[in-house]
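J.: Quick one: structure below, then a few questions.
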Amino acid sequence: MKRKLSIILTTVTVTGSLLTACGTSTKEATNNSPAPSAAANTPAATAAASATSAPAATKKQVEIFSWWTGAGEEAGLQGLIKLFKGKYADIEVINAAVAGGAGTNAKAVLASRMQGGDPPSAFQVHGGAELNTGWVAAGKVSPLNDLYDKEGWKDKFPKDLIDMVSKDGNIYSVPVNIHRGNVIFYNKKIFDQNGLKAPTTFDEFIKVADALKAKGITPLALGDKEPWTATMLFENVLLGELGADDYKKLWTGEIPFDDARVKKSLETFKKMLTYVNKDHAARNWQDAAQLVAKGEAAMNNMGDWAKGYFTTDLKLKANEDFGWAASPNTNGTFMVVTDTFALPKDSKDQATAKEFLKVLGSVEGQDVFNPLKGSIPARVDADASKYDIYGKTTIEDLKKSKLTPSMAHGSAAPEGFTTQANQAINIFVTQGNVEQAAKALKAAQDANGMKK
């Protein structure tokens, strides 16, 4: 178990000091008064003195650990906290968010806290391998079957989604949303002015990108200061080249990463990188999305948290200021990124933490959070009328698409593989060596037990 946590710790550099533990302590009052008189020995005086010297009751607290610190995600979290406080005014909420896209820094801080016996009340974790091969396998989270039974949730979330947060018959986290990872967002003004349509195939993408480049417009915005964004672009190329069924076979070892189709995906990815902004390595995902919002670039491949950034932070209008389409060759598929919250086994007050999880999993909670975050609700009975045109169409797309787990966001493969894949893709972005990248990905596949 310690080895698993150590692996997580060594994969990410922590630039800030660790968060402090949840909880408060009361201090005994120091009595510096003179010696009591005879009157002070009366029953009433004795009772009053006892009441004065007794420790004050400690207020209940719930510490929520996440990486939601910017764009629409922070607004969504604040909406959840406000909703919770309205229901539980006697419980103090500690927002222990750590900045860094996709949990780049937060995961290392969390690993350190969990290993050091200082867990938060509940923590954000992607459903799938990140949860199950990490925290569940390490024995660090509590099963939530009782909560699902009490709240009647087992038929309120899609079965495939419950499977992503379950292992060996136990359910270990509560999904608060579903993001789609295979989306191309584009600036509608640029496309309309140049008579272009959103590309749906790789060939169409290249034609559109060439036309934009000829006009001096950056075709594709990328911000891979944190390498997961480039990995995400690559996984969407993999999905487009292999299709949903064969893409999933990569994670079981039925298709090796040195397969000819993986190499073809790397070639396609390499071609797409010729259309990105030159300063991509100095930008994060918000910076890249902002290039599209300002009209300084035409397209951005990103999960629909970018939609939350566009509408919540930048006040853009869906289908007016920006449009969207499934990334090339991926119509009919849905790259799932689901944010969930788990309950540490060693947390101090699990009953209070479960009150927060109840709000997370409720219709009301999901409909407060997701319109701001840009995601769609994990619950099947949420109120679709609360979502804009993007949310409504994505809710419908989910129902009729083949679902695939994200590699970049920890759902498809163990943490060790994701770390090695990020490294391999980071090198590939710089060097463009297809054979070297395929070899590195295959080595990561073998090293992490992803064999047939």
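Residues are referred to by chain and number: the chain letter is A, B, ... according to the order shown in the structure tokens, the number counts from 1 in that chain, and ligands are numbered separately from 1 in the order shown.
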Excluding region 192-199 of chain A and its own-chain neighbours fewer than 6 positions away, which residues fall within 10 Å of it when counting only C-alpha atoms? Please give them as an mmCIF file with N, CA and C atoms, in the first residue's frame.
T.:
```
data_model
loop_
_atom_site.group_PDB
_atom_site.id
_atom_site.type_symbol
_atom_site.label_atom_id
_atom_site.label_comp_id
_atom_site.auth_asym_id
_atom_site.auth_seq_id
_atom_site.Cartn_x
_atom_site.Cartn_y
_atom_site.Cartn_z
ATOM 1 N N ILE A 184 -14.019 19.521 -29.979
ATOM 2 C CA ILE A 184 -13.324 20.644 -30.596
ATOM 3 C C ILE A 184 -14.220 21.872 -30.428
ATOM 4 N N PHE A 185 -13.737 22.866 -29.695
ATOM 5 C CA PHE A 185 -14.441 24.139 -29.584
ATOM 6 C C PHE A 185 -13.834 25.096 -30.612
ATOM 7 N N TYR A 186 -14.681 25.916 -31.232
ATOM 8 C CA TYR A 186 -14.163 26.816 -32.256
ATOM 9 C C TYR A 186 -14.843 28.182 -32.186
ATOM 10 N N PHE A 205 -10.180 18.206 -40.985
ATOM 11 C CA PHE A 205 -9.417 19.032 -40.054
ATOM 12 C C PHE A 205 -8.209 19.652 -40.760
ATOM 13 N N ILE A 206 -7.478 18.845 -41.522
ATOM 14 C CA ILE A 206 -6.282 19.333 -42.213
ATOM 15 C C ILE A 206 -6.647 20.408 -43.245
ATOM 16 N N LYS A 207 -7.737 20.199 -43.974
ATOM 17 C CA LYS A 207 -8.166 21.188 -44.966
ATOM 18 C C LYS A 207 -8.540 22.510 -44.291
ATOM 19 N N VAL A 208 -9.289 22.414 -43.204
ATOM 20 C CA VAL A 208 -9.682 23.621 -42.474
ATOM 21 C C VAL A 208 -8.453 24.312 -41.887
ATOM 22 N N ALA A 209 -7.567 23.521 -41.298
ATOM 23 C CA ALA A 209 -6.366 24.085 -40.683
ATOM 24 C C ALA A 209 -5.472 24.763 -41.721
ATOM 25 N N ALA A 211 -6.458 26.104 -44.528
ATOM 26 C CA ALA A 211 -7.136 27.329 -44.957
ATOM 27 C C ALA A 211 -6.938 28.450 -43.935
ATOM 28 N N LEU A 212 -7.023 28.113 -42.672
ATOM 29 C CA LEU A 212 -6.819 29.105 -41.614
ATOM 30 C C LEU A 212 -5.374 29.594 -41.581
ATOM 31 N N LYS A 215 -4.474 32.155 -44.008
ATOM 32 C CA LYS A 215 -4.979 33.494 -43.679
ATOM 33 C C LYS A 215 -4.227 34.110 -42.503
ATOM 34 N N MET A 299 -9.443 27.036 -33.093
ATOM 35 C CA MET A 299 -9.979 25.824 -32.475
ATOM 36 C C MET A 299 -9.183 25.446 -31.227
ATOM 37 N N GLY A 323 -18.717 27.578 -31.129
ATOM 38 C CA GLY A 323 -19.401 26.348 -31.510
ATOM 39 C C GLY A 323 -18.579 25.154 -31.063
ATOM 40 N N TRP A 324 -19.051 23.971 -31.371
ATOM 41 C CA TRP A 324 -18.360 22.767 -30.939
ATOM 42 C C TRP A 324 -18.730 21.602 -31.841
ATOM 43 N N ALA A 325 -17.877 20.622 -31.828
ATOM 44 C CA ALA A 325 -18.114 19.380 -32.569
ATOM 45 C C ALA A 325 -17.275 18.297 -31.920
ATOM 46 N N ALA A 326 -17.675 17.048 -32.108
ATOM 47 C CA ALA A 326 -16.841 15.945 -31.637
ATOM 48 C C ALA A 326 -15.504 16.018 -32.353
ATOM 49 N N SER A 327 -14.423 15.684 -31.660
ATOM 50 C CA SER A 327 -13.102 15.717 -32.284
ATOM 51 C C SER A 327 -13.091 14.778 -33.495
ATOM 52 N N PRO A 328 -12.186 15.006 -34.444
ATOM 53 C CA PRO A 328 -12.232 14.280 -35.718
ATOM 54 C C PRO A 328 -12.374 12.772 -35.583
ATOM 55 N N ASN A 329 -13.285 12.234 -36.388
ATOM 56 C CA ASN A 329 -13.547 10.780 -36.478
ATOM 57 C C ASN A 329 -14.167 10.181 -35.214
#
```
J.: Wanna dump the region 281-310 of chain A-region 225-238 of chain A contacts at 7 Å for me, each residue with its shortest atom pair and the distance in Å to one decimal, counting only C-alpha atoms, ordered by chain and number, as JSON lines?
T.:
```
{"residue": "A:Ala281", "atom": "CA", "partner": "A:Lys225", "partner_atom": "CA", "distance": 4.7}
{"residue": "A:Ala282", "atom": "CA", "partner": "A:Lys225", "partner_atom": "CA", "distance": 5.3}
{"residue": "A:Arg283", "atom": "CA", "partner": "A:Lys225", "partner_atom": "CA", "distance": 5.3}
{"residue": "A:Asn284", "atom": "CA", "partner": "A:Lys225", "partner_atom": "CA", "distance": 5.3}
{"residue": "A:Trp285", "atom": "CA", "partner": "A:Thr229", "partner_atom": "CA", "distance": 7.0}
{"residue": "A:Asn301", "atom": "CA", "partner": "A:Leu233", "partner_atom": "CA", "distance": 6.4}
```
J.: Give the strand (DSSP E) residues of region 285-377 of chain A, as assigned by DSSP on the backbone, as number ranges by chain.
T.: A: 297-301, 322-326, 333-337, 339-342
J.: Using only C-alpha atoms, which residues sit within 9 Å of Lys345 (chain A) once same-chain residues fewer than 3 positions away are excluded, as a VMD selection string?
T.: chain A and resid 119 139 to 143 348 350
J.: Keeping only N, CA and C atoms, write the selected residues as a PDB file, in the first residue's frame.
T.:
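Output (again02.pdb):
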```pdb
ATOM      1  N   PRO A 119      -5.984  12.779   6.514  1.00  0.00           N
ATOM      2  CA  PRO A 119      -6.882  12.840   5.360  1.00  0.00           C
ATOM      3  C   PRO A 119      -7.909  13.948   5.477  1.00  0.00           C
ATOM      4  N   GLY A 139      -6.512   0.373  -0.051  1.00  0.00           N
ATOM      5  CA  GLY A 139      -7.294   0.243   1.175  1.00  0.00           C
ATOM      6  C   GLY A 139      -7.485   1.547   1.917  1.00  0.00           C
ATOM      7  N   LYS A 140      -7.531   2.663   1.185  1.00  0.00           N
ATOM      8  CA  LYS A 140      -7.582   3.975   1.817  1.00  0.00           C
ATOM      9  C   LYS A 140      -8.942   4.656   1.783  1.00  0.00           C
ATOM     10  N   VAL A 141      -9.941   4.025   1.156  1.00  0.00           N
ATOM     11  CA  VAL A 141     -11.261   4.645   1.086  1.00  0.00           C
ATOM     12  C   VAL A 141     -12.340   3.683   1.587  1.00  0.00           C
ATOM     13  N   SER A 142     -13.412   4.263   2.101  1.00  0.00           N
ATOM     14  CA  SER A 142     -14.513   3.471   2.644  1.00  0.00           C
ATOM     15  C   SER A 142     -15.564   3.193   1.575  1.00  0.00           C
ATOM     16  N   PRO A 143     -16.142   1.998   1.566  1.00  0.00           N
ATOM     17  CA  PRO A 143     -17.250   1.728   0.638  1.00  0.00           C
ATOM     18  C   PRO A 143     -18.471   2.556   1.009  1.00  0.00           C
ATOM     19  N   LYS A 348     -11.877  11.621  10.224  1.00  0.00           N
ATOM     20  CA  LYS A 348     -12.293  11.692  11.623  1.00  0.00           C
ATOM     21  C   LYS A 348     -13.810  11.624  11.822  1.00  0.00           C
ATOM     22  N   GLN A 350     -16.881  10.606   9.628  1.00  0.00           N
ATOM     23  CA  GLN A 350     -17.441  10.132   8.372  1.00  0.00           C
ATOM     24  C   GLN A 350     -18.926  10.464   8.242  1.00  0.00           C
TER      25      GLN A 350
END
```
J.: Within 9 Å of region 244-248 of chain A, counting only C-alpha atoms, which residues show up once you throw out same-chain ones fewer than 6 positions away? Write them as an mmCIF file with N, CA, C and O atoms, in the first residue's frame, please.
T.:
```cif
data_model
loop_
_atom_site.group_PDB
_atom_site.id
_atom_site.type_symbol
_atom_site.label_atom_id
_atom_site.label_comp_id
_atom_site.auth_asym_id
_atom_site.auth_seq_id
_atom_site.Cartn_x
_atom_site.Cartn_y
_atom_site.Cartn_z
ATOM 1 N N GLU A 235 -5.076 11.185 -27.070
ATOM 2 C CA GLU A 235 -6.047 10.120 -26.816
ATOM 3 C C GLU A 235 -7.265 10.266 -27.715
ATOM 4 O O GLU A 235 -7.869 9.267 -28.117
ATOM 5 N N LEU A 238 -6.232 8.814 -30.951
ATOM 6 C CA LEU A 238 -6.315 7.352 -30.821
ATOM 7 C C LEU A 238 -7.746 6.866 -30.997
ATOM 8 O O LEU A 238 -8.011 5.894 -31.713
ATOM 9 N N GLU A 254 -5.086 -6.152 -25.178
ATOM 10 C CA GLU A 254 -5.482 -6.885 -26.388
ATOM 11 C C GLU A 254 -4.896 -6.235 -27.639
ATOM 12 O O GLU A 254 -4.676 -6.906 -28.648
ATOM 13 N N ILE A 255 -4.678 -4.931 -27.568
ATOM 14 C CA ILE A 255 -3.968 -4.222 -28.626
ATOM 15 C C ILE A 255 -2.756 -3.555 -27.988
ATOM 16 O O ILE A 255 -2.898 -2.754 -27.059
ATOM 17 N N THR A 330 -14.691 11.001 -34.293
ATOM 18 C CA THR A 330 -15.214 10.425 -33.039
ATOM 19 C C THR A 330 -16.708 10.657 -32.841
ATOM 20 O O THR A 330 -17.215 10.511 -31.729
ATOM 21 N N THR A 333 -19.146 8.668 -30.242
ATOM 22 C CA THR A 333 -18.406 8.202 -29.067
ATOM 23 C C THR A 333 -18.345 9.325 -28.041
ATOM 24 O O THR A 333 -18.488 10.507 -28.381
ATOM 25 N N PHE A 334 -18.101 8.965 -26.811
ATOM 26 C CA PHE A 334 -18.132 9.937 -25.708
ATOM 27 C C PHE A 334 -16.985 9.585 -24.768
ATOM 28 O O PHE A 334 -17.026 8.582 -24.061
ATOM 29 N N LYS A 402 -21.209 5.582 -27.702
ATOM 30 C CA LYS A 402 -20.370 4.581 -27.041
ATOM 31 C C LYS A 402 -19.438 5.299 -26.076
ATOM 32 O O LYS A 402 -18.774 6.265 -26.450
ATOM 33 N N LEU A 403 -19.391 4.830 -24.837
ATOM 34 C CA LEU A 403 -18.599 5.502 -23.814
ATOM 35 C C LEU A 403 -17.193 4.911 -23.753
ATOM 36 O O LEU A 403 -17.018 3.690 -23.805
ATOM 37 N N THR A 404 -16.209 5.789 -23.651
ATOM 38 C CA THR A 404 -14.820 5.342 -23.527
ATOM 39 C C THR A 404 -14.155 6.078 -22.373
ATOM 40 O O THR A 404 -14.424 7.261 -22.139
ATOM 41 N N PRO A 405 -13.243 5.406 -21.640
ATOM 42 C CA PRO A 405 -12.577 6.041 -20.498
ATOM 43 C C PRO A 405 -11.372 6.860 -20.925
ATOM 44 O O PRO A 405 -10.645 6.482 -21.851
ATOM 45 N N ALA A 412 -8.770 5.325 -17.632
ATOM 46 C CA ALA A 412 -8.509 4.159 -18.472
ATOM 47 C C ALA A 412 -7.432 3.243 -17.928
ATOM 48 O O ALA A 412 -7.479 2.030 -18.128
#
```
J.: If you count only C-alpha atoms, which residues fall within 10 Å of Leu357 (chain A), apart from same-chain ones fewer than 5 positions away, as a PyMOL selection string?
T.: chain A and resi 84+122+144+147+173-176+340-343+351-352+362+365
J.: Could you write those residues out with C-alpha atoms, as a compact mmCIF listing (two decimals), in the first residue's frame?
T.:
```txt
# COMPACT_ATOMS: atom_id res chain seq x y z
CA PHE A 84 -24.64 22.77 1.62
CA ALA A 122 -13.77 13.85 1.26
CA LEU A 144 -20.43 3.75 0.20
CA LEU A 147 -25.21 5.65 1.34
CA SER A 173 -17.29 7.29 -4.64
CA VAL A 174 -20.12 9.64 -5.62
CA PRO A 175 -20.08 11.07 -9.19
CA VAL A 176 -20.98 14.74 -9.32
CA THR A 340 -16.30 11.94 -8.10
CA PHE A 341 -15.74 12.25 -4.36
CA ALA A 342 -14.50 9.48 -2.10
CA LEU A 343 -14.47 9.07 1.68
CA ALA A 351 -21.04 10.86 9.30
CA THR A 352 -20.56 14.59 8.65
CA SER A 362 -28.58 14.95 -5.10
CA GLY A 365 -26.61 19.60 -6.00
```
J.: Go through A:Pro344, A:Gly432, A:Gly374, A:Gly70 one by one, measure the shortest atom-to-atom distance of each to Leu110 (chain A) using only C-alpha atoms, and give the residue with the smallest value.
T.: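 Of all the options, A:Pro344 lies closest to Leu110 (chain A).
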